[in-house]
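Colleague: Mind looking over this structure? Questions follow.
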Amino acid sequence: MRVHAAALNRIPELHLARHADAAWLAVIRPWLEAAPARLTRSYVIVATRGQAHGLKQRCLREGVPLLGVEFLTPGLARKKWAAAAAAGRPALGREVLLFGLRAAIARRLAAAEPGGRAWGFWQSLQSDPERALDDFDALLQAGRAAADFPLVPLREVFGELAGWVDALGHVFAATEAHRVAAAVPPDAERRGRVLVVGLGAEAGGEAANVLAFVRRCREVALVLPLPEFAGSASPDERWTAWWEQRLGAAALPVDFPEPATAGAGAAALLESGQGDAAAVRVLVGRTRRDEMALVAGEIARLLAAGAENIAVVFPRGDAARAALVRELERRRIPFADQLPVAGQPESEVGLYRSLLAFWRDGSSVAGLLALWPWLEADGLAPVPLAAARRACERSFDRCQTHGVAAHLPQWETAEPAFAAFVRSLCPDWPDTVTVAGALGRVRAAAQALGLAAPDYWNQLERIFAPDAAAYPAAIVLSALDSFLPAVQAPEEPPVRAGFARVTLTTRRRAAGLAWSHVVFTEANAGLWPRREEASCWLTDADRAALAGAGPGLLTADERAALERAGYAALARDARDGIVFSASASLPEDPEAPQSPNRWLESILRAQGRAGPDDAPEALLPRLVRAEVPEPVEDDAAWRAIWAGRRDGDRPFDEFFFAGDPAAITPERLPARLIERGVQDPAELWFEAVLRVRPVGWEPFARNRRKALGQRAHEILAAVLQPGGPAGRGFGEMPSSDEAWSRLETALAAVRREWPENRYWDSCAEELARVCRVLLGNALALDAGPYVAAETWLPAGARLEFGGLQLPIAGRLDLVRLDRPAWRGAQVDIIDFKTGSDTELSAARMARSGASLQLGVYLAAVRSLGIAGGRVRMIKPEPGAVSELRLDELDGALGRLAWLGDALRRGVYGALTPDRSDYAPAGAPWPTACSPIPAAVLARKFALTFPAAVQEVADE
């Protein structure tokens, strides 16, 4: 809609400026200093709060009064005009709109034929509703509607969304902005004066918000970026033409000579590939931390030379920015920080979010274990995470399903308190639920946990008060989650918001301001500039066809071009110097060579620091500079310890898993832990000395062999129990007929526990085969008539080595004796193996520690005064029985030569396997520093325990 000049009290002024200094001197400062006849409210609208901060700082520096002047961003301007326009209906936020879109997609999926074309389309949209909603919002911001979507299904679903929003009594924010902006208010309703500064085509989505505010001011002036010559179809030209049409004023370039700046050459290199880079300084650190140390040093140098205001531009608030903050604070350099500082929300928020995820994902055991640490943090968990994980592992191995409902009956038998607590979490959600019903369930769970009633969803409750429809539970729970705060302001935020000569900022926040120096940090390829591709729901071709003369819809090429132009303008506004910084390696991939981004690469080539044949990845390593930090107290001592831990020519010392043996020697050792300790002594250190065990983090996955093996052990233990009352003592071996009868009864009972389907049929058949073969092999053994199944080693069982005697703990699958007591008996220790273990061999045990646990069992019962014995391994193949005799035992335990020395000295060390790109993520044991190569650990182990057998395992 075109507005004639006569419709306003004063003719609007529309200025175009290429430089920030020109805009300031020709328009902004005169406008701020203009003295109205009486005090009048004045507004300055800028794109970001960073620009407002920069203009205020310049006003303070140059003595420009700001009495009655208020700085606004487009978001704040919306609040102003919404209050003045007395909008009838409130706008819905993105979270509720995303909920409505997901619900509409779910209804269409339910009605579509699975596998059909429509079903595939809605499945795709269901996986990416956020980008589709972004595209719809872009259409609305450009003054379009759902009917403008090129795809018919999208027109329908977003048309339905629009009707749903209207039925709730709300509107779309962008639609309301265009409605208010199109209306010309009466002259009596106009108040104050407004100056719009620095809004470029990138702010096209906020055009209606700004125009709606401008309509309500008596005096209007705008100073926009001067478009580069790229034809009338360029976004900058469309943006300028749009404002000309809306204000009825011709855009005129400011009448001010173009200033000469040090950054002009760098800007030209980015825009055209031709320019002078002599004034550009380049800093390259070996790591990102080194880079920030160099940047801090350069800032100190510039300040000492009289730099007026320095912009340090980051692509985002990341670890590099935190490193620079530490460096600046260490050097006591004042700075203003415009990057957001956010902290973690309260633990209650994390608990609610994890609880919602538990319900949304179907109340699975994985979700329960993800929720558990939050419960522990608030003191609500009845058992520690390790105990909860152990209960879930045991029940999962039996039922092999992820839903909590299938595990509850087993937990009620084995862990009643745990089961009762899980039931209080209300895991049984229906498939569909109303929003009010969902909130009621959440409040009930919160009350059962003793939590304060959640107040995050009061607004959601008000919005859906008139809506009694039932929605899929997962969609409702996602909506509840979206209303929880992702971050919150720190309780004691650092005071970095004042005025200073150094400003940490971003490109958008620094744009449109004049700087003495600009530092572009993290100038590595792939970090910035970054190209954002259009989605498949509204392609670039669709955007180009719909854009017309409007400023709102931008293609990916146009967005990339505007970002480049923004960086170039920022460089052009640097009066005295430009600095680029980069690092030769990145923390996420320290071994991969890093390249400069295109802009920095062109600067290096223009400076003659790179030849035409030099590969980009070879440029940064040759430019690395070292920033020598100031000495830190005790740094040398720590560095010596750090180096000693990695020195293969030094034995393990007191800084490597060691302590006073009088205080740390374990009272007893499990046999299974001794076998693991041979592979890596760190296992002994953490589990036996420190008494801490790792808690698994990986999700549960079906392991058929493990599950059937555990069931086979349980069944055989029941089948081979001696007759008479149950107990841990020895009794007579059941007869063969009785054992076989027990086995068939047990197998039938297990089959009844499992679902009736082909998968569990095959599991039952395989379990039956394994149990029958193992039982047949056990009954065929020539062993004593007395038996004990699943029995623990007696308290007096000890392992003797190196002059030490250490109590040993362990549970034996089956023991057969020729008399009902250990002393003086001929003993057969029988171990059932259903996995891929190799056969029992004294030579292999001595060489690699394979099946060492069984050798430790035999050594422990030898201390009980037995007359003779052997340990046997039985596998589920006919006749697959291997054994280790008592006379072979001493040679088989050769891998334990180091254990006595370790216990006496209190030094354990480690033999941790190397981690690689092919190994799962995560450390096998806790680390306080970077990992040490296994080859170095092996050399240190050999120096520490020279008597140990250092054979390479062949298993």
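We label chains A, B, ... in the order they appear in the structure tokens, count residues from 1 in each chain, and number ligands from 1 in the order shown.
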Give the strand (DSSP E or B) residues of segment 102-301 of chain A, as assigned by DSSP on the backbone, as a list in words.

Modeller: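 Those in segment 102-301 of chain A that DSSP calls strand (DSSP E or B) are Val171, Arg193, Val194, Leu195, Val196, Val197, Glu219, Val220, Ala221, Leu222, Val223, Leu224, Pro225, Leu252, Pro253, Val280, Arg281, Val282, Leu283, Val284 and Gly285 of chain A.
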
Colleague: Write out as a PyMOL selection string which residues come within 7 Å of segment 144-158 of chain A when counting only C-alpha atoms, dropping same-chain ones fewer than 5 positions away.

Modeller: chain A and resi 104+136+139

Colleague: Run DSSP on the backbone and grab whatever in segment 818-931 of chain A lands in alpha helix (DSSP H); send it over as a PyMOL selection string.

Modeller: chain A and resi 842-848+852-862+889-892+897-905

Colleague: Do a neighbour search on segment 209-215 of chain A at 7 Å with only C-alpha atoms, toss out local chain neighbours closer than 3 positions, and write the hits as a list in words.

Modeller: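 Residues meeting the cut-off are Pro74, Ala77, Arg78, Trp81, Ala177, Val180, Ala181, Val184, Val194, Glu206 and Val220 of chain A.
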
Colleague: Output N, CA and C atoms of each residue in that selection to a file, as a compact mmCIF listing (two decimals), in the first residue's frame.

Modeller:
# COMPACT_ATOMS: atom_id res chain seq x y z
N PRO A 74 13.38 -4.82 16.76
CA PRO A 74 12.05 -5.11 16.19
C PRO A 74 11.14 -5.85 17.17
N ALA A 77 9.83 -3.30 19.49
CA ALA A 77 8.90 -2.44 18.76
C ALA A 77 7.53 -3.10 18.64
N ARG A 78 7.51 -4.43 18.48
CA ARG A 78 6.24 -5.12 18.37
C ARG A 78 5.41 -4.95 19.66
N TRP A 81 3.83 -1.36 19.53
CA TRP A 81 2.68 -1.12 18.67
C TRP A 81 1.50 -2.03 19.03
N ALA A 177 0.99 -8.53 12.40
CA ALA A 177 1.89 -7.42 12.10
C ALA A 177 1.56 -6.79 10.75
N VAL A 180 -1.74 -4.75 11.03
CA VAL A 180 -1.59 -3.46 11.70
C VAL A 180 -0.76 -2.52 10.85
N ALA A 181 0.29 -3.06 10.17
CA ALA A 181 1.14 -2.20 9.34
C ALA A 181 0.39 -1.63 8.15
N VAL A 184 -3.53 2.76 8.34
CA VAL A 184 -2.98 4.09 8.63
C VAL A 184 -3.77 4.67 9.80
N VAL A 194 10.78 8.75 15.26
CA VAL A 194 11.48 7.48 15.19
C VAL A 194 12.55 7.56 14.12
N GLU A 206 11.33 -8.89 9.64
CA GLU A 206 10.83 -7.97 10.66
C GLU A 206 10.25 -6.69 10.06
N VAL A 220 9.43 10.60 10.95
CA VAL A 220 10.03 9.32 10.57
C VAL A 220 11.28 9.58 9.75

Colleague: Just how far from atom CA of Leu199 of chain A is atom CA of Ala138 of chain A, in Å to one decimal?

Modeller: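 Distance reported for this atom pair: 17.6 Å.
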
Colleague: Fewer than 4 positions away in the same chain doesn't count, so skip those; otherwise give me all residues within 12 Å of Thr745 of chain A, counting only C-alpha atoms, as a list in words.

Modeller: Ile715, Leu716, Ala718, Val719, Glu738, Ala739, Trp740, Ser741, Ala749, Val750, Arg751, Arg752 and Ala768 of chain A

Colleague: Using only C-alpha atoms, which residues sit within 7 Å of segment 441-455 of chain A once same-chain residues fewer than 4 positions away are excluded, as an NGL selection string?

Modeller: :A and (380 or 424-426 or 437)

Colleague: Pick from A:Ser583, A:Ser127, A:Asn524, A:Asn757: nearest to Arg598 of chain A, with only C-alpha atoms counted?

Modeller: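 Closest to Arg598 of chain A, using only C-alpha atoms: A:Asn524.
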
Colleague: Tell me which protein, DNA and RNA residues are within 7 Å of segment 821-827 of chain A, counting only C-alpha atoms, leaving out same-chain ones fewer than 4 positions away, and put them as a PyMOL selection string.

Modeller: chain A and resi 816-817+864-870

Colleague: Output N, CA and C atoms of each residue in that selection to a file, as a PDB file, in the first residue's frame.

Modeller:
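Once everything was written out, this is again-v3.pdb:
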ATOM      1  N   ARG A 816      31.519 -81.321  42.534  1.00  0.00           N
ATOM      2  CA  ARG A 816      31.271 -82.721  42.885  1.00  0.00           C
ATOM      3  C   ARG A 816      32.458 -83.235  43.706  1.00  0.00           C
ATOM      4  N   LEU A 817      32.164 -83.907  44.803  1.00  0.00           N
ATOM      5  CA  LEU A 817      33.176 -84.436  45.717  1.00  0.00           C
ATOM      6  C   LEU A 817      32.901 -85.905  45.996  1.00  0.00           C
ATOM      7  N   LEU A 864      41.983 -75.356  51.209  1.00  0.00           N
ATOM      8  CA  LEU A 864      41.039 -75.940  52.166  1.00  0.00           C
ATOM      9  C   LEU A 864      41.440 -77.336  52.605  1.00  0.00           C
ATOM     10  N   GLY A 865      42.574 -77.833  52.062  1.00  0.00           N
ATOM     11  CA  GLY A 865      43.054 -79.155  52.478  1.00  0.00           C
ATOM     12  C   GLY A 865      42.477 -80.301  51.686  1.00  0.00           C
ATOM     13  N   ILE A 866      42.150 -80.088  50.406  1.00  0.00           N
ATOM     14  CA  ILE A 866      41.607 -81.188  49.605  1.00  0.00           C
ATOM     15  C   ILE A 866      42.715 -82.188  49.287  1.00  0.00           C
ATOM     16  N   ALA A 867      42.326 -83.429  49.029  1.00  0.00           N
ATOM     17  CA  ALA A 867      43.308 -84.474  48.694  1.00  0.00           C
ATOM     18  C   ALA A 867      43.745 -84.377  47.239  1.00  0.00           C
ATOM     19  N   GLY A 868      42.899 -83.909  46.371  1.00  0.00           N
ATOM     20  CA  GLY A 868      43.206 -83.778  44.951  1.00  0.00           C
ATOM     21  C   GLY A 868      42.034 -83.135  44.249  1.00  0.00           C
ATOM     22  N   GLY A 869      42.251 -82.756  43.003  1.00  0.00           N
ATOM     23  CA  GLY A 869      41.141 -82.128  42.316  1.00  0.00           C
ATOM     24  C   GLY A 869      41.508 -81.646  40.935  1.00  0.00           C
ATOM     25  N   ARG A 870      40.497 -81.110  40.273  1.00  0.00           N
ATOM     26  CA  ARG A 870      40.647 -80.548  38.939  1.00  0.00           C
ATOM     27  C   ARG A 870      39.459 -79.619  38.682  1.00  0.00           C
TER      28      ARG A 870
END

Colleague: Between A:Asp134, A:Ala22, A:Leu283, A:Ala473, which has the minimum distance to Pro621 of chain A (counting only C-alpha atoms)?

Modeller: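 Checking each candidate against Pro621 of chain A, we get A:Leu283 as the closest.
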
Colleague: In terms of the shortest atom-to-atom distance over only C-alpha atoms, which of A:Trp925, A:Phe121, A:Phe700, A:Trp537 is closest to Glu687 of chain A?

Modeller: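 Answer, going by the shortest atom-to-atom distance: A:Trp925.
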
Colleague: Between atom CA of Leu793 of chain A and atom CA of Val815 of chain A, what is the distance in Å, rounded to a tenth?

Modeller: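 One can read the atom CA of Leu793 of chain A to atom CA of Val815 of chain A distance as 10.3 Å.
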
Colleague: Could you list, as a compact mmCIF listing (two decimals) with C-alpha atoms, in the first residue's frame, every residue within 10 Å of Val254 of chain A, counting only C-alpha atoms and ignoring same-chain residues fewer than 5 positions away?

Modeller:
# COMPACT_ATOMS: atom_id res chain seq x y z
CA LEU A 14 14.85 7.76 3.64
CA HIS A 15 18.64 7.83 3.53
CA LEU A 16 21.12 5.30 2.17
CA ALA A 17 24.66 5.00 3.55
CA ARG A 18 27.51 2.69 2.64
CA HIS A 19 29.66 3.41 5.71
CA ALA A 22 28.83 8.40 7.04
CA ALA A 23 25.46 7.32 8.48
CA LEU A 25 27.79 11.99 10.80
CA ALA A 26 25.18 12.75 8.14
CA VAL A 27 22.00 11.36 9.73
CA VAL A 223 19.01 5.26 7.20
CA LEU A 226 23.26 1.50 0.40

Colleague: Quick one: distance from atom CA of Pro409 of chain A to atom CA of Arg389 of chain A in Å, one decimal?

Modeller: 16.6 Å

Colleague: Counting only C-alpha atoms, which of A:Asp613, A:Leu55, A:Gln400, A:Leu852 gets nearest to Tyr759 of chain A?

Modeller: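 The shortest atom-to-atom distance to Tyr759 of chain A comes from A:Gln400.
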